[in-house]
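K.L.:
My questions all concern the structure below.
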2 protein chains.
Amino acid sequence: MALEHAILVSLAERAASGYDLARRFDASIGHFWPASHQQIYKVLARMESDKLVAADLVAQDGRPDKKVYAITDDGRAELRAWLAKPSRREATRIDFAVKLRALHLADPDAFRAEVEQRRAAHAELLAAYEASEAKYFPNPSALAADQIGPWLALRGGIRVERGGIEWCDEILQALGAVT
Amino acid sequence: MALEHAILVSLAERAASGYDLARRFDASIGHFWPASHQQIYKVLARMESDKLVAADLVAQDGRPDKKVYAITDDGRAELRAWLAKPSRREATRIDFAVKLRALHLADPDAFRAEVEQRRAAHAELLAAYEASEAKYFPNPSALAADQIGPWLALRGGIRVERGGIEWCDEILQALGAVT
DNA sequence: TGCAACTACGCAACTTGTTGCATATGCGTT
DNA sequence: AACGCATATGCAACAAGTTGCGTAGTTGCA
């Protein structure tokens, strides 16, 4: 159950409502652990009953009330335990690679279009990551201690997307050679 | 439901029992879509009742009987439909990147050890992929039509592992600079 | 005035995958 | 004879995530 840990990491940075978390996941941590608001609310409710987080009901004017969750000492202990325990290799499922294996059964033009679409998606994410890096980490050699991790995570994202683009280019080249 | 499609791809290559598929997944297609034998048997049973595959009971001597599954025309149609429909971007969940974000809360030595372990795992998989490439695709410029896809998929795996190693090295360097 | 978009929370049904266990045969080793 | 290992199949309980829907107030715009 790693969404739990992703939420703990996010709440350790600062307290947030379920809604805030959902947006935070869309913007940053969710690049590595996507989560829908439904799933976040569900897990948050269980975490509250497990005392890993504590809710504080905040009335707002002009907006619905919200429940602001903060990490508890139990939560921090759980987070530390998770960090200390080496995680086993996560299973990466790459739908696209499965499709690739069946390339000879597919329509070449449709497949090429899909590869190009995929390449564009990688390029878009890469641009977003690079913009984040320029904005938040302009000087990586002089980072605050709690910024090194987020920066390294972002670097990983950049590598993944660049690798994805290169893979697409290699595929397009191979497809081109066939045509 | 993509395990279904991975199984169809595998059975389109050639018929197999659940046990065969499980081993095939361990060795090749499972690098991109891991699956346990329990899950494979479960999905196969449903696929049989959906007429996507047909089972043939084969008695063996010296071994338990087995059920050899072959793809049906309906299965081939489903496979073609899946190939033609652009798949949306799969959600990649990177446990490790979530941990990285909480780096400042972790024990530096334990974390370094985990990164090194992760690097070793990437290196091991990379070596296996490169051995496969050398063995099965010694001459990529002259590949049979149905071998291009599997080769490109393997190339993707190689890229992923190489990228993973480089990321680990970047992290180790950053951790070293701190110490 | 109406309608879309944003904030804010959540339930219910379903699908997918994991974990632990059970069963059976036959081979080779100790 | 006992044990582990490979072959071969599967069930049951559980965990995690997806999809579709529902509620309710506020803001801004056309």
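Letters A, B, ... go to the chains of the structure tokens in the order shown; residues in each chain start at 1; ligands are counted from 1 in the same order.
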All Cα atoms, paired in order, least squares: that's the fit I need for chain A onto chain B, output as a tab-separated table (two decimals) with C-alpha atoms, in the first residue's frame.
P.N.:
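And here's result.tsv as it stands now:
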```tsv
chain	number	residue	atom	x	y	z
A	1	MET	CA	-7.47	-5.64	-18.65
A	2	ALA	CA	-4.14	-5.88	-20.38
A	3	LEU	CA	-2.90	-9.21	-19.07
A	4	GLU	CA	-5.57	-10.59	-21.35
A	5	HIS	CA	-3.91	-8.89	-24.29
A	6	ALA	CA	-0.43	-9.93	-23.25
A	7	ILE	CA	-1.67	-13.53	-23.18
A	8	LEU	CA	-3.26	-13.13	-26.60
A	9	VAL	CA	0.02	-11.81	-27.99
A	10	SER	CA	1.88	-14.72	-26.47
A	11	LEU	CA	-0.61	-17.31	-27.70
A	12	ALA	CA	-0.60	-15.71	-31.16
A	13	GLU	CA	3.11	-16.56	-31.27
A	14	ARG	CA	2.25	-20.15	-30.35
A	15	ALA	CA	-0.15	-22.23	-28.24
A	16	ALA	CA	0.72	-22.93	-24.61
A	17	SER	CA	-0.55	-24.23	-21.28
A	18	GLY	CA	-1.01	-21.93	-18.29
A	19	TYR	CA	2.20	-23.27	-16.89
A	20	ASP	CA	4.07	-22.61	-20.14
A	21	LEU	CA	2.69	-19.09	-20.20
A	22	ALA	CA	3.83	-18.47	-16.65
A	23	ARG	CA	7.36	-19.46	-17.59
A	24	ARG	CA	7.20	-17.47	-20.79
A	25	PHE	CA	6.14	-14.43	-18.76
A	26	ASP	CA	9.07	-14.96	-16.41
A	27	ALA	CA	11.46	-15.09	-19.33
A	28	SER	CA	10.33	-12.51	-21.82
A	29	ILE	CA	6.98	-10.78	-22.08
A	30	GLY	CA	6.78	-10.60	-18.29
A	31	HIS	CA	9.61	-8.08	-18.23
A	32	PHE	CA	7.01	-5.64	-19.50
A	33	TRP	CA	3.91	-7.23	-17.99
A	34	PRO	CA	4.72	-9.39	-14.96
A	35	ALA	CA	2.10	-11.96	-13.99
A	36	SER	CA	1.88	-14.71	-11.41
A	37	HIS	CA	0.67	-18.17	-12.35
A	38	GLN	CA	-2.47	-17.64	-10.25
A	39	GLN	CA	-3.39	-14.55	-12.18
A	40	ILE	CA	-2.66	-16.26	-15.50
A	41	TYR	CA	-4.90	-19.25	-14.69
A	42	LYS	CA	-7.66	-16.94	-13.54
A	43	VAL	CA	-7.59	-14.80	-16.67
A	44	LEU	CA	-7.19	-17.83	-18.92
A	45	ALA	CA	-10.36	-19.37	-17.47
A	46	ARG	CA	-12.33	-16.22	-18.19
A	47	MET	CA	-10.85	-15.93	-21.66
A	48	GLU	CA	-11.93	-19.48	-22.39
A	49	SER	CA	-15.50	-18.77	-21.36
A	50	ASP	CA	-15.33	-15.62	-23.52
A	51	LYS	CA	-14.19	-17.81	-26.45
A	52	LEU	CA	-10.99	-15.84	-26.95
A	53	VAL	CA	-8.97	-19.00	-26.47
A	54	ALA	CA	-9.75	-22.71	-26.77
A	55	ALA	CA	-8.33	-25.38	-24.48
A	56	ASP	CA	-7.16	-28.80	-25.55
A	57	LEU	CA	-6.54	-31.35	-22.81
A	58	VAL	CA	-3.27	-33.15	-23.41
A	59	ALA	CA	-2.32	-36.28	-21.45
A	60	GLN	CA	1.39	-36.69	-20.87
A	61	ASP	CA	3.32	-39.59	-19.45
A	62	GLY	CA	5.53	-39.02	-16.49
A	63	ARG	CA	3.86	-35.65	-16.01
A	64	PRO	CA	0.47	-34.27	-15.05
A	65	ASP	CA	-2.02	-33.65	-17.83
A	66	LYS	CA	-2.03	-30.16	-19.20
A	67	LYS	CA	-4.48	-27.83	-20.88
A	68	VAL	CA	-2.99	-26.34	-24.00
A	69	TYR	CA	-4.63	-23.07	-24.96
A	70	ALA	CA	-4.74	-21.77	-28.52
A	71	ILE	CA	-5.99	-18.39	-29.73
A	72	THR	CA	-9.35	-18.49	-31.53
A	73	ASP	CA	-10.64	-16.31	-34.36
A	74	ASP	CA	-12.51	-14.24	-31.78
A	75	GLY	CA	-9.24	-13.90	-29.89
A	76	ARG	CA	-7.42	-12.77	-32.99
A	77	ALA	CA	-10.17	-10.23	-33.68
A	78	GLU	CA	-9.92	-8.90	-30.12
A	79	LEU	CA	-6.16	-8.68	-30.47
A	80	ARG	CA	-6.44	-6.73	-33.71
A	81	ALA	CA	-9.01	-4.39	-32.16
A	82	TRP	CA	-6.71	-3.75	-29.22
A	83	LEU	CA	-3.76	-3.08	-31.51
A	84	ALA	CA	-5.78	-0.62	-33.60
A	85	LYS	CA	-7.09	1.32	-30.61
A	86	PRO	CA	-4.45	3.75	-29.30
A	87	SER	CA	-3.86	2.94	-25.67
A	88	ARG	CA	-3.86	5.78	-23.26
A	89	ARG	CA	-0.70	6.52	-21.37
A	90	GLU	CA	-0.21	3.89	-18.71
A	91	ALA	CA	0.32	5.08	-15.17
A	92	THR	CA	3.90	4.36	-14.14
A	93	ARG	CA	4.21	4.11	-10.41
A	94	ILE	CA	7.74	4.59	-9.17
A	95	ASP	CA	7.85	3.75	-5.50
A	96	PHE	CA	11.50	4.71	-5.41
A	97	ALA	CA	10.87	8.27	-6.61
A	98	VAL	CA	8.38	8.74	-3.79
A	99	LYS	CA	11.06	7.60	-1.35
A	100	LEU	CA	13.55	9.96	-2.93
A	101	ARG	CA	11.27	12.89	-2.18
A	102	ALA	CA	11.55	12.01	1.50
A	103	LEU	CA	15.33	11.64	1.35
A	104	HIS	CA	15.96	14.20	4.07
A	105	LEU	CA	13.95	12.08	6.52
A	106	ALA	CA	15.89	8.89	5.81
A	107	ASP	CA	19.13	7.46	7.17
A	108	PRO	CA	21.81	8.41	4.62
A	109	ASP	CA	23.81	5.16	4.84
A	110	ALA	CA	20.76	2.92	4.60
A	111	PHE	CA	19.53	4.96	1.68
A	112	ARG	CA	22.84	4.80	-0.13
A	113	ALA	CA	22.83	1.02	0.33
A	114	GLU	CA	19.37	0.83	-1.18
A	115	VAL	CA	20.39	2.90	-4.18
A	116	GLU	CA	23.36	0.62	-4.71
A	117	GLN	CA	21.13	-2.44	-4.48
A	118	ARG	CA	18.80	-0.90	-6.98
A	119	ARG	CA	21.66	-0.10	-9.30
A	120	ALA	CA	22.83	-3.72	-9.11
A	121	ALA	CA	19.33	-4.96	-9.95
A	122	HIS	CA	19.25	-2.70	-13.01
A	123	ALA	CA	22.71	-3.89	-14.06
A	124	GLU	CA	21.67	-7.51	-13.73
A	125	LEU	CA	18.56	-7.04	-15.86
A	126	LEU	CA	20.56	-5.05	-18.40
A	127	ALA	CA	23.09	-7.86	-18.70
A	128	ALA	CA	20.27	-10.35	-19.23
A	129	TYR	CA	18.69	-8.15	-21.91
A	130	GLU	CA	22.00	-7.64	-23.67
A	131	ALA	CA	22.66	-11.38	-23.62
A	132	SER	CA	19.21	-11.93	-25.17
A	133	GLU	CA	19.92	-9.38	-27.84
A	134	ALA	CA	23.25	-10.97	-28.75
A	135	LYS	CA	21.67	-14.42	-28.81
A	136	TYR	CA	18.39	-13.81	-30.60
A	137	PHE	CA	19.02	-10.65	-32.61
A	138	PRO	CA	22.65	-10.75	-33.70
A	139	ASN	CA	21.89	-8.90	-36.93
A	140	PRO	CA	19.10	-6.34	-36.29
A	141	SER	CA	19.32	-4.89	-39.79
A	142	ALA	CA	18.08	-8.16	-41.31
A	143	LEU	CA	15.22	-9.26	-39.11
A	144	ALA	CA	12.20	-11.36	-40.05
A	145	ALA	CA	9.00	-9.26	-40.03
A	146	ASP	CA	7.67	-10.88	-36.85
A	147	GLN	CA	10.98	-10.34	-35.06
A	148	ILE	CA	11.15	-6.56	-35.42
A	149	GLY	CA	8.59	-5.94	-32.68
A	150	PRO	CA	10.18	-8.22	-30.11
A	151	TRP	CA	13.57	-6.71	-30.89
A	152	LEU	CA	12.27	-3.15	-30.46
A	153	ALA	CA	10.61	-4.14	-27.20
A	154	LEU	CA	13.93	-5.55	-25.97
A	155	ARG	CA	15.66	-2.33	-27.03
A	156	GLY	CA	13.18	-0.47	-24.85
A	157	GLY	CA	14.05	-2.69	-21.91
A	158	ILE	CA	17.73	-2.01	-22.46
A	159	ARG	CA	17.07	1.74	-22.52
A	160	VAL	CA	15.02	1.57	-19.33
A	161	GLU	CA	17.72	-0.30	-17.44
A	162	ARG	CA	20.53	1.89	-18.72
A	163	GLY	CA	18.50	4.94	-17.72
A	164	GLY	CA	17.92	3.42	-14.29
A	165	ILE	CA	21.65	2.85	-13.79
A	166	GLU	CA	22.45	6.42	-14.82
A	167	TRP	CA	19.82	7.76	-12.45
A	168	CYS	CA	21.28	5.72	-9.57
A	169	ASP	CA	24.75	7.03	-10.41
A	170	GLU	CA	23.46	10.59	-10.37
A	171	ILE	CA	21.86	9.98	-6.97
A	172	LEU	CA	24.99	8.36	-5.56
A	173	GLN	CA	27.05	11.29	-6.76
A	174	ALA	CA	24.68	13.75	-5.10
A	175	LEU	CA	24.72	11.71	-1.89
A	176	GLY	CA	28.50	11.53	-2.00
A	177	ALA	CA	28.77	15.28	-2.34
A	178	VAL	CA	26.77	15.67	0.87
A	179	THR	CA	28.88	13.26	2.95
```
K.L.:
For chain C against chain B, which residues fall within 10 Å using only C-alpha atoms (C1' of nucleotides), given as a PyMOL selection string?
P.N.:
chain C and resi 15-18+24-27
K.L.:
Produce a file of the selected residues containing N, CA and C atoms (P, O5', C5', C4', C3', O3' and C1' of nucleotides), as a short mmCIF file (atom, residue, chain, number, x, y, z; two decimals), in the first residue's frame.
P.N.:
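Below is the file that was written, again.cif:
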```cif
data_model
loop_
_atom_site.label_atom_id
_atom_site.label_comp_id
_atom_site.auth_asym_id
_atom_site.auth_seq_id
_atom_site.Cartn_x
_atom_site.Cartn_y
_atom_site.Cartn_z
P DT C 15 -16.40 -6.30 -13.67
"O5'" DT C 15 -14.88 -5.85 -13.59
"C5'" DT C 15 -14.47 -4.60 -14.14
"C4'" DT C 15 -12.98 -4.42 -13.94
"C3'" DT C 15 -12.16 -5.65 -14.32
"O3'" DT C 15 -11.12 -5.17 -15.15
"C1'" DT C 15 -11.64 -4.95 -12.10
P DT C 16 -10.07 -6.14 -15.86
"O5'" DT C 16 -8.85 -6.13 -14.84
"C5'" DT C 16 -8.19 -4.92 -14.53
"C4'" DT C 16 -7.18 -5.18 -13.45
"C3'" DT C 16 -6.33 -6.43 -13.68
"O3'" DT C 16 -5.02 -5.98 -13.90
"C1'" DT C 16 -7.07 -6.24 -11.41
P DG C 17 -3.78 -6.99 -14.17
"O5'" DG C 17 -3.25 -7.29 -12.70
"C5'" DG C 17 -2.79 -6.21 -11.88
"C4'" DG C 17 -2.52 -6.70 -10.48
"C3'" DG C 17 -1.62 -7.94 -10.39
"O3'" DG C 17 -0.50 -7.62 -9.56
"C1'" DG C 17 -3.53 -8.18 -9.02
P DT C 18 0.53 -8.75 -9.04
"O5'" DT C 18 0.02 -9.02 -7.55
"C5'" DT C 18 -0.14 -7.92 -6.65
"C4'" DT C 18 -0.25 -8.43 -5.22
"C3'" DT C 18 0.79 -9.48 -4.84
"O3'" DT C 18 1.26 -9.14 -3.53
"C1'" DT C 18 -1.40 -10.35 -4.52
P DA C 24 -4.88 -35.26 -3.68
"O5'" DA C 24 -3.95 -35.54 -4.95
"C5'" DA C 24 -4.47 -35.41 -6.26
"C4'" DA C 24 -3.32 -35.51 -7.23
"C3'" DA C 24 -2.30 -36.56 -6.80
"O3'" DA C 24 -2.41 -37.69 -7.66
"C1'" DA C 24 -1.27 -34.54 -7.59
P DT C 25 -1.45 -38.99 -7.46
"O5'" DT C 25 -0.36 -38.70 -8.58
"C5'" DT C 25 -0.74 -38.50 -9.95
"C4'" DT C 25 0.54 -38.26 -10.74
"C3'" DT C 25 1.60 -39.32 -10.48
"O3'" DT C 25 1.96 -39.95 -11.71
"C1'" DT C 25 2.50 -37.13 -10.23
P DG C 26 2.90 -41.27 -11.72
"O5'" DG C 26 4.35 -40.65 -11.88
"C5'" DG C 26 4.66 -39.81 -13.01
"C4'" DG C 26 6.05 -39.25 -12.84
"C3'" DG C 26 7.11 -40.30 -12.48
"O3'" DG C 26 8.24 -40.07 -13.31
"C1'" DG C 26 7.19 -38.51 -10.96
P DC C 27 9.31 -41.25 -13.58
"O5'" DC C 27 10.68 -40.49 -13.28
"C5'" DC C 27 10.90 -39.17 -13.80
"C4'" DC C 27 11.91 -38.46 -12.94
"C3'" DC C 27 13.09 -39.35 -12.50
"O3'" DC C 27 14.30 -38.85 -13.07
"C1'" DC C 27 12.21 -38.06 -10.68
#
```
K.L.:
Near DT19 of chain C, within 10 Å and counting only C-alpha atoms (C1' of nucleotides), which residues show up once chain neighbours fewer than 6 positions away are dropped, as a ChimeraX atom specification?
P.N.:
/D:13-15
K.L.:
Residues as selected, N, CA and C atoms (P, O5', C5', C4', C3', O3' and C1' of nucleotides), written as a PDB file, in the first residue's frame, can you do that?
P.N.:
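The result, written out as again21.pdb:
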```
ATOM      1  P    DA D  13     -13.256 -17.467   1.342  1.00  0.00           P
ATOM      2  O5'  DA D  13     -12.203 -16.351   1.780  1.00  0.00           O
ATOM      3  C5'  DA D  13     -11.011 -16.759   2.465  1.00  0.00           C
ATOM      4  C4'  DA D  13     -10.076 -15.577   2.562  1.00  0.00           C
ATOM      5  C3'  DA D  13     -10.768 -14.247   2.844  1.00  0.00           C
ATOM      6  O3'  DA D  13     -10.018 -13.567   3.844  1.00  0.00           O
ATOM      7  C1'  DA D  13      -9.439 -14.053   0.903  1.00  0.00           C
ATOM      8  P    DC D  14     -10.513 -12.142   4.395  1.00  0.00           P
ATOM      9  O5'  DC D  14      -9.565 -11.139   3.616  1.00  0.00           O
ATOM     10  C5'  DC D  14      -8.147 -11.362   3.679  1.00  0.00           C
ATOM     11  C4'  DC D  14      -7.465 -10.510   2.649  1.00  0.00           C
ATOM     12  C3'  DC D  14      -7.802  -9.020   2.740  1.00  0.00           C
ATOM     13  O3'  DC D  14      -6.641  -8.372   3.242  1.00  0.00           O
ATOM     14  C1'  DC D  14      -7.654  -9.799   0.478  1.00  0.00           C
ATOM     15  P    DA D  15      -6.708  -6.780   3.542  1.00  0.00           P
ATOM     16  O5'  DA D  15      -5.987  -6.184   2.266  1.00  0.00           O
ATOM     17  C5'  DA D  15      -4.772  -6.738   1.830  1.00  0.00           C
ATOM     18  C4'  DA D  15      -4.304  -5.957   0.612  1.00  0.00           C
ATOM     19  C3'  DA D  15      -4.491  -4.449   0.723  1.00  0.00           C
ATOM     20  O3'  DA D  15      -3.315  -3.885   0.171  1.00  0.00           O
ATOM     21  C1'  DA D  15      -5.653  -5.243  -1.185  1.00  0.00           C
TER      22       DA D  15
END
```
K.L.:
Can you check which parts of chain D lie within 9 Å of chain B? Per residue, the shortest pair of atoms and distance in Å to one decimal, counting only C-alpha atoms (C1' of nucleotides), sorted by chain and number, as JSON lines.
P.N.:
```
{"residue": "D:DT7", "atom": "C1'", "partner": "B:Arg63", "partner_atom": "CA", "distance": 6.3}
{"residue": "D:DA8", "atom": "C1'", "partner": "B:Pro64", "partner_atom": "CA", "distance": 5.7}
{"residue": "D:DT9", "atom": "C1'", "partner": "B:Tyr41", "partner_atom": "CA", "distance": 8.0}
{"residue": "D:DG10", "atom": "C1'", "partner": "B:Tyr41", "partner_atom": "CA", "distance": 7.5}
```
K.L.:
Please produce a file of those selected residues containing N, CA and C atoms (P, O5', C5', C4', C3', O3' and C1' of nucleotides), as an mmCIF file, in the first residue's frame.
P.N.:
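Heads up, here's the output in result22.cif:
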```
data_model
loop_
_atom_site.group_PDB
_atom_site.id
_atom_site.type_symbol
_atom_site.label_atom_id
_atom_site.label_comp_id
_atom_site.auth_asym_id
_atom_site.auth_seq_id
_atom_site.Cartn_x
_atom_site.Cartn_y
_atom_site.Cartn_z
ATOM 1 P P DT D 7 9.959 -27.650 -15.045
ATOM 2 O "O5'" DT D 7 8.600 -28.487 -14.958
ATOM 3 C "C5'" DT D 7 8.550 -29.780 -15.529
ATOM 4 C "C4'" DT D 7 7.186 -30.381 -15.301
ATOM 5 C "C3'" DT D 7 6.034 -29.570 -15.919
ATOM 6 O "O3'" DT D 7 5.342 -30.401 -16.829
ATOM 7 C "C1'" DT D 7 5.538 -30.198 -13.680
ATOM 8 P P DA D 8 4.360 -29.769 -17.919
ATOM 9 O "O5'" DA D 8 3.125 -29.254 -17.044
ATOM 10 C "C5'" DA D 8 2.033 -30.147 -16.775
ATOM 11 C "C4'" DA D 8 1.092 -29.575 -15.747
ATOM 12 C "C3'" DA D 8 0.590 -28.129 -15.912
ATOM 13 O "O3'" DA D 8 -0.540 -28.093 -16.768
ATOM 14 C "C1'" DA D 8 0.729 -28.892 -13.619
ATOM 15 P P DT D 9 -1.390 -26.706 -16.928
ATOM 16 O "O5'" DT D 9 -2.300 -26.670 -15.614
ATOM 17 C "C5'" DT D 9 -3.210 -27.754 -15.378
ATOM 18 C "C4'" DT D 9 -3.978 -27.519 -14.107
ATOM 19 C "C3'" DT D 9 -4.747 -26.199 -14.060
ATOM 20 O "O3'" DT D 9 -6.135 -26.450 -14.197
ATOM 21 C "C1'" DT D 9 -3.643 -26.682 -11.989
ATOM 22 P P DG D 10 -7.147 -25.262 -14.459
ATOM 23 O "O5'" DG D 10 -7.306 -24.683 -12.986
ATOM 24 C "C5'" DG D 10 -8.057 -25.462 -12.074
ATOM 25 C "C4'" DG D 10 -7.813 -24.984 -10.679
ATOM 26 C "C3'" DG D 10 -8.438 -23.630 -10.335
ATOM 27 O "O3'" DG D 10 -9.759 -23.829 -9.917
ATOM 28 C "C1'" DG D 10 -6.425 -24.129 -9.137
#
```
K.L.:
May I ask for the distance between atom C1' of DA5 of chain C and atom C1' of DT18 of chain D, given in Å to one decimal place?
P.N.:
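It comes out at 23.9 Å.
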K.L.:
Could you find all residues in segment 56-101 of chain B that DSSP calls strand (DSSP E or B) from the backbone, and write them as a VMD selection string?
P.N.:
chain B and resid 56 to 58 66 to 71
K.L.:
The selected residues should be written to file as an mmCIF file, in the first residue's frame (atoms: C-alpha atoms).
P.N.:
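Generated file (part09.cif):
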```cif
data_model
loop_
_atom_site.group_PDB
_atom_site.id
_atom_site.type_symbol
_atom_site.label_atom_id
_atom_site.label_comp_id
_atom_site.auth_asym_id
_atom_site.auth_seq_id
_atom_site.Cartn_x
_atom_site.Cartn_y
_atom_site.Cartn_z
ATOM 1 C CA ASP B 56 -7.187 -28.804 -25.543
ATOM 2 C CA LEU B 57 -6.582 -31.366 -22.802
ATOM 3 C CA VAL B 58 -3.314 -33.180 -23.393
ATOM 4 C CA LYS B 66 -2.060 -30.190 -19.200
ATOM 5 C CA LYS B 67 -4.491 -27.861 -20.884
ATOM 6 C CA VAL B 68 -3.012 -26.367 -24.006
ATOM 7 C CA TYR B 69 -4.656 -23.096 -24.965
ATOM 8 C CA ALA B 70 -4.775 -21.783 -28.522
ATOM 9 C CA ILE B 71 -6.006 -18.409 -29.704
#
```
K.L.:
What parts of segment 68-169 of chain A does DSSP call helix (DSSP H, G or I)? I'd like the answer as an MDAnalysis selection string.
P.N.:
chainID A and resid 73:84 95:101 103:105 108:136 140:142 145:169
K.L.:
Provide the atom C1' of DT26 of chain D to atom C1' of DA12 of chain C distance in Å, to one decimal place.
P.N.:
28.3 Å
K.L.:
For atom C1' of DC6 of chain C and atom C1' of DG22 of chain D, determine how far apart the two atoms are, in Å to one decimal place.
P.N.:
17.0 Å
K.L.:
Which polymer residues have any atom within 12 Å of an atom of DT30 of chain C, counting only C-alpha atoms (C1' of nucleotides), with same-chain residues fewer than 3 positions away left out, as a list in words?
P.N.:
DA1, DA2, DC3 and DG4 of chain D
